[in-house]
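Dumped my_file-v7.cif below, it's mmCIF, C-alpha atoms:
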data_work
loop_
_atom_site.label_atom_id
_atom_site.label_comp_id
_atom_site.auth_asym_id
_atom_site.auth_seq_id
_atom_site.Cartn_x
_atom_site.Cartn_y
_atom_site.Cartn_z
CA MET Z 1 86.58 166.45 124.95
CA SER Z 2 85.07 163.28 123.46
CA GLN Z 3 81.59 163.30 121.98
CA GLY Z 4 78.73 162.84 124.37
CA THR Z 5 75.82 164.56 126.04
CA ILE Z 6 76.95 168.00 127.25
CA TYR Z 7 74.85 169.64 129.95
CA LYS Z 8 74.89 173.43 130.00
CA SER Z 9 73.62 175.77 132.68
CA PRO Z 10 70.81 176.88 132.89
CA THR Z 11 69.69 174.55 130.06
CA TRP Z 12 71.39 171.69 128.30
CA VAL Z 13 71.70 170.58 124.71
CA VAL Z 14 71.36 166.92 123.80
CA PRO Z 15 72.61 165.98 120.32
CA PRO Z 16 69.69 164.57 118.25
CA GLU Z 17 71.35 161.18 117.79
CA GLU Z 18 71.51 160.76 121.55
CA ARG Z 19 67.94 161.65 122.44
CA ARG Z 20 66.77 158.06 122.21
CA THR Z 21 69.47 156.56 124.45
CA ALA Z 22 67.91 156.94 127.90
CA ASN Z 23 67.64 153.15 128.08
CA ALA Z 24 71.30 152.52 127.26
CA LEU Z 25 72.65 149.53 129.13
CA PHE Z 26 75.27 151.59 130.93
CA ASN Z 27 74.99 155.33 131.64
CA CYS Z 28 78.15 157.04 132.86
CA ALA Z 29 78.25 160.70 133.93
CA ILE Z 30 81.76 162.06 133.58
CA TYR Z 31 83.65 165.21 134.55
CA GLN Z 32 87.12 165.70 133.09
CA GLN Z 33 89.61 168.42 133.94
CA ASN Z 34 92.85 168.59 131.95
CA ILE Z 35 92.55 164.90 131.13
CA ASP Z 36 90.54 162.59 128.87
CA ILE Z 37 89.95 159.01 130.00
CA VAL Z 38 86.91 158.13 127.89
CA ALA Z 39 88.90 155.86 125.58
CA LYS Z 40 90.32 154.06 128.62
CA LEU Z 41 86.84 153.58 130.08
CA LYS Z 42 85.58 152.20 126.77
CA ARG Z 43 88.32 149.59 126.84
CA THR Z 44 87.55 148.81 130.47
CA PHE Z 45 83.87 148.22 129.67
CA ASN Z 46 84.50 146.50 126.37
CA GLY Z 47 81.35 144.70 125.28
CA GLU Z 48 78.97 146.98 127.20
CA LYS Z 49 76.73 149.48 125.45
CA LEU Z 50 78.07 152.73 126.88
CA GLN Z 51 76.54 156.19 127.00
CA PHE Z 52 78.65 159.04 128.36
CA HIS Z 53 77.04 162.18 129.79
CA TYR Z 54 79.45 165.06 130.35
CA PHE Z 55 78.81 167.54 133.14
CA ARG Z 56 80.68 170.66 134.27
CA ASP Z 57 79.20 171.35 137.69
CA SER Z 58 76.93 169.79 140.31
CA ASP Z 59 73.75 171.37 138.89
CA GLU Z 60 74.38 169.76 135.53
CA LEU Z 61 75.03 166.44 137.27
CA VAL Z 62 71.69 166.70 139.10
CA ARG Z 63 69.85 167.35 135.84
CA CYS Z 64 71.68 164.48 134.21
CA CYS Z 65 70.65 162.12 137.02
CA LYS Z 66 67.02 163.13 136.67
CA ARG Z 67 67.09 162.46 132.92
CA TYR Z 68 69.08 159.23 132.82
CA PRO Z 69 69.34 156.22 135.17
CA LEU Z 70 73.02 156.67 135.99
CA ASP Z 71 75.15 153.61 136.67
CA LEU Z 72 78.39 155.43 137.42
CA ILE Z 73 79.81 158.91 138.06
CA VAL Z 74 83.46 159.47 137.13
CA ILE Z 75 85.46 162.55 138.11
CA ALA Z 76 88.91 162.69 136.51
CA VAL Z 77 91.23 165.54 137.43
CA ASP Z 78 94.81 166.42 136.57
CA GLY Z 79 95.69 169.55 138.55
CA ASP Z 80 93.64 171.67 140.96
CA PHE Z 81 91.05 169.55 142.78
CA SER Z 82 88.91 172.36 144.27
CA ASP Z 83 86.02 172.28 141.77
CA ALA Z 84 85.89 168.50 141.76
CA HIS Z 85 85.93 168.40 145.56
CA MET Z 86 82.93 170.73 145.73
CA MET Z 87 81.02 168.65 143.15
CA ILE Z 88 81.61 165.42 145.08
CA MET Z 89 80.47 167.02 148.33
CA LYS Z 90 77.25 168.26 146.72
CA ALA Z 91 76.61 164.94 144.98
CA LYS Z 92 76.91 163.03 148.26
CA GLU Z 93 74.42 165.43 149.89
CA GLN Z 94 71.72 164.47 147.36
CA MET Z 95 70.07 161.19 148.31
CA PHE Z 96 69.29 160.22 144.70
CA LEU Z 97 72.89 160.93 143.66
CA SER Z 98 74.50 159.41 146.74
CA ILE Z 99 73.35 155.93 145.70
CA VAL Z 100 75.22 156.15 142.37
CA PRO Z 101 78.82 154.86 142.63
CA LEU Z 102 81.24 157.79 142.36
CA VAL Z 103 84.82 157.22 141.24
CA VAL Z 104 87.69 159.72 141.37
CA TYR Z 105 90.77 159.36 139.18
CA PHE Z 106 93.89 161.52 139.23
CA PRO Z 107 97.14 160.51 137.55
CA GLY Z 108 99.47 161.95 140.20
CA ARG Z 109 100.01 160.92 143.80
CA ASP Z 110 99.26 164.21 145.51
CA GLU Z 111 98.61 163.48 149.21
CA ASN Z 112 96.34 166.51 149.60
CA ILE Z 113 94.06 165.39 146.76
CA TYR Z 114 93.99 161.87 148.17
CA ARG Z 115 92.89 163.14 151.59
CA ARG Z 116 90.27 165.49 150.16
CA ALA Z 117 88.79 162.73 148.02
CA LEU Z 118 88.54 160.51 151.10
CA ASP Z 119 86.99 163.32 153.14
CA CYS Z 120 84.15 163.76 150.67
CA GLU Z 121 83.46 160.00 150.66
CA ALA Z 122 84.15 159.06 147.06
CA ASP Z 123 83.28 155.38 146.60
CA GLU Z 124 86.54 154.51 144.86
CA LEU Z 125 89.88 156.27 144.27
CA PHE Z 126 92.18 155.51 141.37
CA VAL Z 127 95.60 157.17 141.47
CA GLY Z 128 98.76 157.01 139.40
CA ALA Z 129 99.19 155.49 135.96
CA TRP Z 130 96.07 153.87 134.53
CA ASP Z 131 96.25 150.15 135.32
CA GLU Z 132 93.63 148.82 132.96
CA ARG Z 133 93.22 145.34 134.41
CA ALA Z 134 93.27 146.40 138.07
CA PHE Z 135 90.87 149.29 137.46
CA GLU Z 136 88.52 147.02 135.50
CA VAL Z 137 88.29 144.56 138.38
CA ARG Z 138 87.78 147.27 141.01
CA LEU Z 139 85.19 149.14 138.93
CA LYS Z 140 83.15 146.02 138.22
CA MET Z 141 83.25 144.99 141.88
CA LEU Z 142 81.99 148.46 142.82
CA LEU Z 143 79.20 148.32 140.24
CA ASN Z 144 78.13 144.84 141.29
CA ARG Z 145 77.81 146.03 144.89
CA SER Z 146 75.81 149.04 143.78
CA ARG Z 147 73.40 147.05 141.60
CA ARG Z 148 72.93 144.59 144.42
CA ASP Z 149 71.97 147.39 146.83
CA LEU Z 150 69.25 148.83 144.59
CA GLY Z 151 66.70 146.15 145.48
CA VAL Z 152 66.95 144.22 148.72
CA ASN Z 153 70.38 144.48 150.27
CA PRO Z 154 71.80 140.95 150.78
CA SER Z 155 73.88 141.93 153.81
CA SER Z 156 70.95 143.33 155.78
CA ARG Z 157 68.01 141.81 153.87
CA LEU Z 158 66.41 145.25 153.97
CA PRO Z 159 64.74 147.21 151.15
CA GLY Z 160 67.08 149.33 149.03
CA PRO Z 161 66.84 152.91 147.69
CA SER Z 162 64.10 152.37 145.11
CA MET Z 163 61.80 150.79 147.70
CA ILE Z 164 62.63 153.51 150.24
CA ASP Z 165 61.62 156.23 147.79
CA LYS Z 166 58.42 154.37 146.96
CA ARG Z 167 57.45 154.15 150.64
CA VAL Z 168 58.20 157.82 151.38
CA ASN Z 169 56.29 159.02 148.33
CA LYS Z 170 53.30 156.83 149.21
CA LEU Z 171 53.15 158.27 152.73
CA ILE Z 172 53.32 161.79 151.28
CA ASP Z 173 50.63 161.04 148.68
CA ASP Z 174 48.41 159.56 151.41
CA LYS Z 175 48.93 162.75 153.46
CA LYS Z 176 50.27 160.83 156.46
CA ASP Z 177 52.29 162.38 159.28
CA PHE Z 178 55.60 160.58 159.82
CA ALA Z 179 59.31 160.93 160.55
CA VAL Z 180 62.18 159.80 158.31
CA CYS Z 181 65.36 158.89 160.21
CA TYR Z 182 68.67 158.65 158.35
CA LEU Z 183 71.29 156.64 160.27
CA ASP Z 184 74.98 156.69 159.36
CA ILE Z 185 77.87 154.87 161.07
CA ASP Z 186 80.67 157.31 161.90
CA ASN Z 187 84.22 156.30 160.87
CA PHE Z 188 83.00 153.09 159.25
CA LYS Z 189 85.35 153.32 156.27
CA ALA Z 190 88.37 153.44 158.56
CA TYR Z 191 87.09 150.40 160.47
CA ASN Z 192 86.38 148.53 157.24
CA ASP Z 193 89.86 149.28 155.88
CA TYR Z 194 91.50 148.30 159.18
CA TYR Z 195 89.67 145.05 159.92
CA GLY Z 196 88.66 144.10 156.39
CA TYR Z 197 85.41 143.60 154.52
CA PHE Z 198 84.43 140.43 156.42
CA TYR Z 199 84.32 142.24 159.77
CA GLY Z 200 82.93 145.42 158.23
CA ASP Z 201 80.02 143.39 156.90
CA LYS Z 202 79.42 142.00 160.39
CA VAL Z 203 79.07 145.57 161.69
CA ILE Z 204 76.56 146.33 158.92
CA ARG Z 205 74.57 143.23 159.84
CA LEU Z 206 74.70 144.08 163.54
CA THR Z 207 73.49 147.63 162.90
CA ALA Z 208 70.66 146.36 160.69
CA GLN Z 209 69.62 143.92 163.41
CA ILE Z 210 69.66 146.61 166.11
CA VAL Z 211 67.53 148.98 164.04
CA ARG Z 212 65.17 146.21 162.94
CA ASP Z 213 64.62 144.87 166.45
CA ILE Z 214 64.01 148.25 168.08
CA VAL Z 215 61.85 149.76 165.33
CA PHE Z 216 59.65 146.71 164.85
CA ASP Z 217 59.37 146.14 168.59
CA LEU Z 218 57.99 149.65 169.15
CA VAL Z 219 56.34 150.21 165.75
CA PRO Z 220 55.29 146.89 164.18
CA ASP Z 221 54.20 148.59 160.95
CA GLY Z 222 57.32 150.79 160.71
CA PHE Z 223 59.65 150.72 157.71
CA ILE Z 224 63.40 150.09 157.60
CA GLY Z 225 65.59 150.43 154.51
CA HIS Z 226 69.27 150.12 153.64
CA ILE Z 227 70.49 152.81 151.26
CA GLY Z 228 73.80 150.98 150.93
CA GLY Z 229 77.09 150.76 152.77
CA ASP Z 230 76.64 152.09 156.31
CA ASP Z 231 73.56 154.23 155.59
CA PHE Z 232 70.11 153.17 156.83
CA ILE Z 233 66.64 154.72 156.73
CA PHE Z 234 63.77 154.03 159.09
CA ILE Z 235 60.31 155.58 158.93
CA ILE Z 236 58.28 155.87 162.14
CA PRO Z 237 55.50 157.94 163.76
CA TYR Z 238 56.92 161.27 164.91
CA ASP Z 239 55.87 160.62 168.52
CA LYS Z 240 58.23 157.60 168.61
CA ILE Z 241 61.37 159.47 167.57
CA ASP Z 242 62.95 159.92 170.99
CA ILE Z 243 62.38 156.45 172.35
CA ILE Z 244 63.49 154.68 169.16
CA CYS Z 245 66.56 156.80 168.40
CA SER Z 246 67.77 156.81 172.00
CA ASN Z 247 67.40 153.03 172.26
CA ILE Z 248 69.23 152.45 168.98
CA ILE Z 249 72.12 154.61 170.18
CA LYS Z 250 72.30 152.96 173.60
CA THR Z 251 72.24 149.47 172.12
CA PHE Z 252 74.80 150.26 169.42
CA ASP Z 253 77.19 151.94 171.85
CA ARG Z 254 76.91 149.00 174.24
CA LEU Z 255 77.56 146.29 171.63
CA ILE Z 256 79.98 147.85 169.15
CA PRO Z 257 83.11 147.76 171.37
CA TYR Z 258 82.98 143.95 171.15
CA ARG Z 259 83.53 144.19 167.39
CA TYR Z 260 87.10 145.31 168.15
CA LYS Z 261 90.20 143.42 169.24
CA GLU Z 262 90.72 143.69 172.99
CA GLU Z 263 93.74 145.97 172.62
CA ASP Z 264 91.81 148.39 170.39
CA ARG Z 265 88.76 148.24 172.64
CA LEU Z 266 90.79 149.08 175.75
CA ARG Z 267 92.59 151.86 173.90
CA GLY Z 268 89.26 153.25 172.66
CA ARG Z 269 90.54 153.81 169.14
CA ILE Z 270 92.28 152.27 166.15
CA ILE Z 271 95.51 153.47 164.60
CA THR Z 272 95.92 152.92 160.87
CA ARG Z 273 98.63 153.72 158.35
CA ASN Z 274 97.63 155.35 155.10
CA ARG Z 275 99.30 154.79 151.77
CA PHE Z 276 101.69 157.62 152.60
CA GLU Z 277 102.93 155.67 155.65
CA GLN Z 278 101.41 158.15 158.10
CA ASP Z 279 99.47 157.21 161.25
CA GLU Z 280 95.78 158.09 161.41
CA VAL Z 281 93.73 157.71 164.61
CA TYR Z 282 90.00 156.92 164.65
CA PRO Z 283 87.70 156.54 167.70
CA LEU Z 284 85.38 153.57 168.15
CA LEU Z 285 82.37 153.48 165.85
CA THR Z 286 79.38 155.64 166.72
CA VAL Z 287 76.12 156.47 164.94
CA SER Z 288 74.58 159.73 163.76
CA ILE Z 289 70.83 159.88 163.11
CA ALA Z 290 69.26 162.78 161.19
CA VAL Z 291 65.48 163.00 161.71
CA LEU Z 292 63.05 164.91 159.52
CA VAL Z 293 59.38 165.27 160.47
CA CYS Z 294 56.69 165.47 157.79
CA GLN Z 295 53.42 166.88 159.10
CA ASN Z 296 50.41 168.52 157.47
CA GLY Z 297 51.65 167.91 153.93
CA ALA Z 298 54.95 169.74 154.50
CA PHE Z 299 56.63 167.91 151.58
CA SER Z 300 55.40 166.99 148.12
CA HIS Z 301 57.94 164.25 147.25
CA SER Z 302 60.94 162.38 148.67
CA GLY Z 303 63.47 164.54 146.82
CA GLU Z 304 62.54 167.56 148.94
CA MET Z 305 63.18 165.57 152.10
CA SER Z 306 66.48 164.10 150.92
CA HIS Z 307 68.12 167.52 150.63
CA MET Z 308 67.24 168.49 154.20
CA LEU Z 309 68.20 165.06 155.55
CA ALA Z 310 71.61 165.29 153.90
CA ASP Z 311 72.26 168.72 155.44
CA LEU Z 312 71.13 167.56 158.86
CA LYS Z 313 73.18 164.35 158.71
CA LYS Z 314 76.28 166.32 157.78
CA TYR Z 315 75.82 168.58 160.81
CA THR Z 316 75.03 165.69 163.17
CA LYS Z 317 78.19 163.81 162.13
CA LYS Z 318 80.30 166.74 163.29
CA LEU Z 319 79.23 166.11 166.88
CA ALA Z 320 81.33 163.79 169.05
CA GLY Z 321 79.89 160.39 169.91
CA SER Z 322 76.50 158.96 168.95
CA ASN Z 323 73.73 161.52 168.45
CA TYR Z 324 70.35 162.09 166.87
CA MET Z 325 69.04 165.45 165.74
CA ILE Z 326 65.50 166.41 164.75
CA GLU Z 327 64.64 168.99 162.08
CA ARG Z 328 61.06 170.15 162.57
CA ARG Z 329 61.05 173.02 160.09
CA LYS Z 330 59.21 172.78 156.80
CA LYS Z 331 61.14 172.49 153.56
CA TYR Z 332 63.57 175.23 152.64
#

Can I see the file as structure tokens?
Amino acid sequence: MSQGTIYKSPTWVVPPEERRTANALFNCAIYQQNIDIVAKLKRTFNGEKLQFHYFRDSDELVRCCKRYPLDLIVIAVDGDFSDAHMMIMKAKEQMFLSIVPLVVYFPGRDENIYRRALDCEADELFVGAWDERAFEVRLKMLLNRSRRDLGVNPSSRLPGPSMIDKRVNKLIDDKKDFAVCYLDIDNFKAYNDYYGYFYGDKVIRLTAQIVRDIVFDLVPDGFIGHIGGDDFIFIIPYDKIDIICSNIIKTFDRLIPYRYKEEDRLRGRIITRNRFEQDEVYPLLTVSIAVLVCQNGAFSHSGEMSHMLADLKKYTKKLAGSNYMIERRKKY
């Protein structure tokens, strides 16, 4: 393994020469199994000041993220994908990790690994022999999108993750009662791959407009944010949950069919071919909304809420069609 910051459970050791590098221009957390791609990444980011932070499990990755402002997470595996799959799933469940671009690389072309990486929503997949130029372009495009989303998202013109966290923490500090609603578009990646980025972006803009119109119509001082991609946050009084969520769902379900070609709309689904030349069927887009209520100082910071929201969103997405689900319990 190349030199770098190695996180150990339950504590980690940071080499003395690296203790002053928290402000490195580019912080990359990396997990490597039976493969070493650090030299390749250095060539890809030639000219950037790089700092690699090695992790061996999801707990170490969480600690790494809290210590350093991560720009990228790389998981490189040659062989069994089980441990990596579990780490990706856990990373995507953590709100503060889910906003960091996560890239998976495996040198083979194992269909099972490809499917599992897609299932856990990795942001980018690199397979086969390392194509330095192609990977450089794709990585930099991914990073540019991520950096763009951290402030105000240009597609939706809504506040990004840093502003969302600031708003949630202020409400908690002010001891306000409120509800945080986490909206996710189901099967969006398949739609985006099928119709292309131009039309995928139109769906993002439409969703942002629906949420904005309904929330601000019913709660003029409400808050709406765009985590990135197809994930949105809106913060409202808890007594407005039902009317706002139900109206968002009804409006989305009524309008979204017209973002499909007529033949796909009439069929009620799209049929795509994956890179293994196999058909995959996806229903029309729907939305899942996870709702968490904060009352009587139930939470002390946004991180506590993000864990419960991620769990609830994952459960809600398993339900057919558009749904919203409310978690009224205190933190666990």

Distance of atom CA of Z:Phe55 from atom CA of Z:Leu312, expressed in Å to one decimal place: 26.8 Å

- prompt: If the PyMOL selection byres ((chain Z and resi 65) around 10) is run on the structure shown, which residues does it catch, given as a PyMOL selection string?
  reply: chain Z and resi 27-29+53+59-64+66-71+73+96-97+100

message: As an exercise, work out the distance from atom CA of Z:Ala129 to atom CA of Z:Tyr114 in Å and give it to one decimal place.
response: 14.7 Å

Picked residues, the PyMOL selection byres ((chain Z and resi 38) around 10), as a list of chain:residue names: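 Expected selection for the PyMOL selection byres ((chain Z and resi 38) around 10) here is Z:Met1, Z:Ser2, Z:Gln3, Z:Ile30, Z:Gln32, Z:Ile35, Z:Asp36, Z:Ile37, Z:Ala39, Z:Lys40, Z:Leu41, Z:Lys42, Z:Arg43, Z:Thr44, Z:Phe52, Z:Val74, Z:Ala76.
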
What would the file look like if the residues just selected were written as a compact mmCIF listing (two decimals), in the frame of the given file with C-alpha atoms?
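Generated output (selection-v1.txt):
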# COMPACT_ATOMS: atom_id res chain seq x y z
CA MET Z 1 86.58 166.45 124.95
CA SER Z 2 85.07 163.28 123.46
CA GLN Z 3 81.59 163.30 121.98
CA ILE Z 30 81.76 162.06 133.58
CA GLN Z 32 87.12 165.70 133.09
CA ILE Z 35 92.55 164.90 131.13
CA ASP Z 36 90.54 162.59 128.87
CA ILE Z 37 89.95 159.01 130.00
CA ALA Z 39 88.90 155.86 125.58
CA LYS Z 40 90.32 154.06 128.62
CA LEU Z 41 86.84 153.58 130.08
CA LYS Z 42 85.58 152.20 126.77
CA ARG Z 43 88.32 149.59 126.84
CA THR Z 44 87.55 148.81 130.47
CA PHE Z 52 78.65 159.04 128.36
CA VAL Z 74 83.46 159.47 137.13
CA ALA Z 76 88.91 162.69 136.51

- prompt: Between Z:Gly128, Z:Gly225, Z:Gly79, Z:Gly108, which is the closest to Z:Asp165 once you count all atoms listed in the file?
  reply: Z:Gly225

- prompt: If you measure from atom CA of Z:Ile270 to atom CA of Z:Tyr282, what distance in Å do you get, rounded to one decimal?
  reply: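 Atom CA of Z:Ile270 sits 5.4 Å away from atom CA of Z:Tyr282.
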
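Of the residues under consideration (Z:Phe178, Z:Tyr324, Z:Tyr195, Z:Phe252), Z:Phe178 shows the shortest atom-to-atom contact distance to Z:Gly222 when counting all atoms listed in the file.
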
task: Evaluate the PyMOL selection byres ((chain Z and resi 88) around 9) here and jot the selected residues down as a PyMOL selection string.
output: chain Z and resi 58+75+83-87+89-93+102+117+120-122

So that I have them on file, write out the residues from the current selection with C-alpha atoms, as an mmCIF file, in the coordinates of the input.
data_model
loop_
_atom_site.group_PDB
_atom_site.id
_atom_site.type_symbol
_atom_site.label_atom_id
_atom_site.label_comp_id
_atom_site.auth_asym_id
_atom_site.auth_seq_id
_atom_site.Cartn_x
_atom_site.Cartn_y
_atom_site.Cartn_z
ATOM 1 C CA SER Z 58 76.930 169.790 140.310
ATOM 2 C CA ILE Z 75 85.460 162.550 138.110
ATOM 3 C CA ASP Z 83 86.020 172.280 141.770
ATOM 4 C CA ALA Z 84 85.890 168.500 141.760
ATOM 5 C CA HIS Z 85 85.930 168.400 145.560
ATOM 6 C CA MET Z 86 82.930 170.730 145.730
ATOM 7 C CA MET Z 87 81.020 168.650 143.150
ATOM 8 C CA MET Z 89 80.470 167.020 148.330
ATOM 9 C CA LYS Z 90 77.250 168.260 146.720
ATOM 10 C CA ALA Z 91 76.610 164.940 144.980
ATOM 11 C CA LYS Z 92 76.910 163.030 148.260
ATOM 12 C CA GLU Z 93 74.420 165.430 149.890
ATOM 13 C CA LEU Z 102 81.240 157.790 142.360
ATOM 14 C CA ALA Z 117 88.790 162.730 148.020
ATOM 15 C CA CYS Z 120 84.150 163.760 150.670
ATOM 16 C CA GLU Z 121 83.460 160.000 150.660
ATOM 17 C CA ALA Z 122 84.150 159.060 147.060
#

As an mmCIF file, in the coordinates of the input, could you write out stretch 240-253 of chain Z once it has been completed with N, CA and C atoms?
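Written output follows (selection-v6.cif):
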data_model
loop_
_atom_site.group_PDB
_atom_site.id
_atom_site.type_symbol
_atom_site.label_atom_id
_atom_site.label_comp_id
_atom_site.auth_asym_id
_atom_site.auth_seq_id
_atom_site.Cartn_x
_atom_site.Cartn_y
_atom_site.Cartn_z
ATOM 1 N N LYS Z 240 57.349 158.688 168.186
ATOM 2 C CA LYS Z 240 58.230 157.600 168.610
ATOM 3 C C LYS Z 240 59.707 157.918 168.373
ATOM 4 N N ILE Z 241 59.992 159.127 167.928
ATOM 5 C CA ILE Z 241 61.370 159.470 167.570
ATOM 6 C C ILE Z 241 62.325 159.290 168.744
ATOM 7 N N ASP Z 242 62.014 159.914 169.861
ATOM 8 C CA ASP Z 242 62.950 159.920 170.990
ATOM 9 C C ASP Z 242 63.220 158.526 171.535
ATOM 10 N N ILE Z 243 62.178 157.764 171.757
ATOM 11 C CA ILE Z 243 62.380 156.450 172.350
ATOM 12 C C ILE Z 243 63.124 155.502 171.411
ATOM 13 N N ILE Z 244 62.824 155.572 170.113
ATOM 14 C CA ILE Z 244 63.490 154.680 169.160
ATOM 15 C C ILE Z 244 64.938 155.085 168.936
ATOM 16 N N CYS Z 245 65.180 156.351 168.667
ATOM 17 C CA CYS Z 245 66.560 156.800 168.400
ATOM 18 C C CYS Z 245 67.453 156.616 169.622
ATOM 19 N N SER Z 246 66.946 156.947 170.793
ATOM 20 C CA SER Z 246 67.770 156.810 172.000
ATOM 21 C C SER Z 246 68.093 155.351 172.284
ATOM 22 N N ASN Z 247 67.155 154.453 172.031
ATOM 23 C CA ASN Z 247 67.400 153.030 172.260
ATOM 24 C C ASN Z 247 68.371 152.446 171.230
ATOM 25 N N ILE Z 248 68.267 152.894 169.994
ATOM 26 C CA ILE Z 248 69.230 152.450 168.980
ATOM 27 C C ILE Z 248 70.638 152.862 169.374
ATOM 28 N N ILE Z 249 70.800 154.108 169.788
ATOM 29 C CA ILE Z 249 72.120 154.610 170.180
ATOM 30 C C ILE Z 249 72.661 153.859 171.383
ATOM 31 N N LYS Z 250 71.835 153.664 172.393
ATOM 32 C CA LYS Z 250 72.300 152.960 173.600
ATOM 33 C C LYS Z 250 72.717 151.528 173.284
ATOM 34 N N THR Z 251 71.928 150.861 172.467
ATOM 35 C CA THR Z 251 72.240 149.470 172.120
ATOM 36 C C THR Z 251 73.499 149.385 171.267
ATOM 37 N N PHE Z 252 73.613 150.252 170.282
ATOM 38 C CA PHE Z 252 74.800 150.260 169.420
ATOM 39 C C PHE Z 252 76.059 150.535 170.234
ATOM 40 N N ASP Z 253 76.008 151.569 171.064
ATOM 41 C CA ASP Z 253 77.190 151.940 171.850
ATOM 42 C C ASP Z 253 77.580 150.849 172.852
#
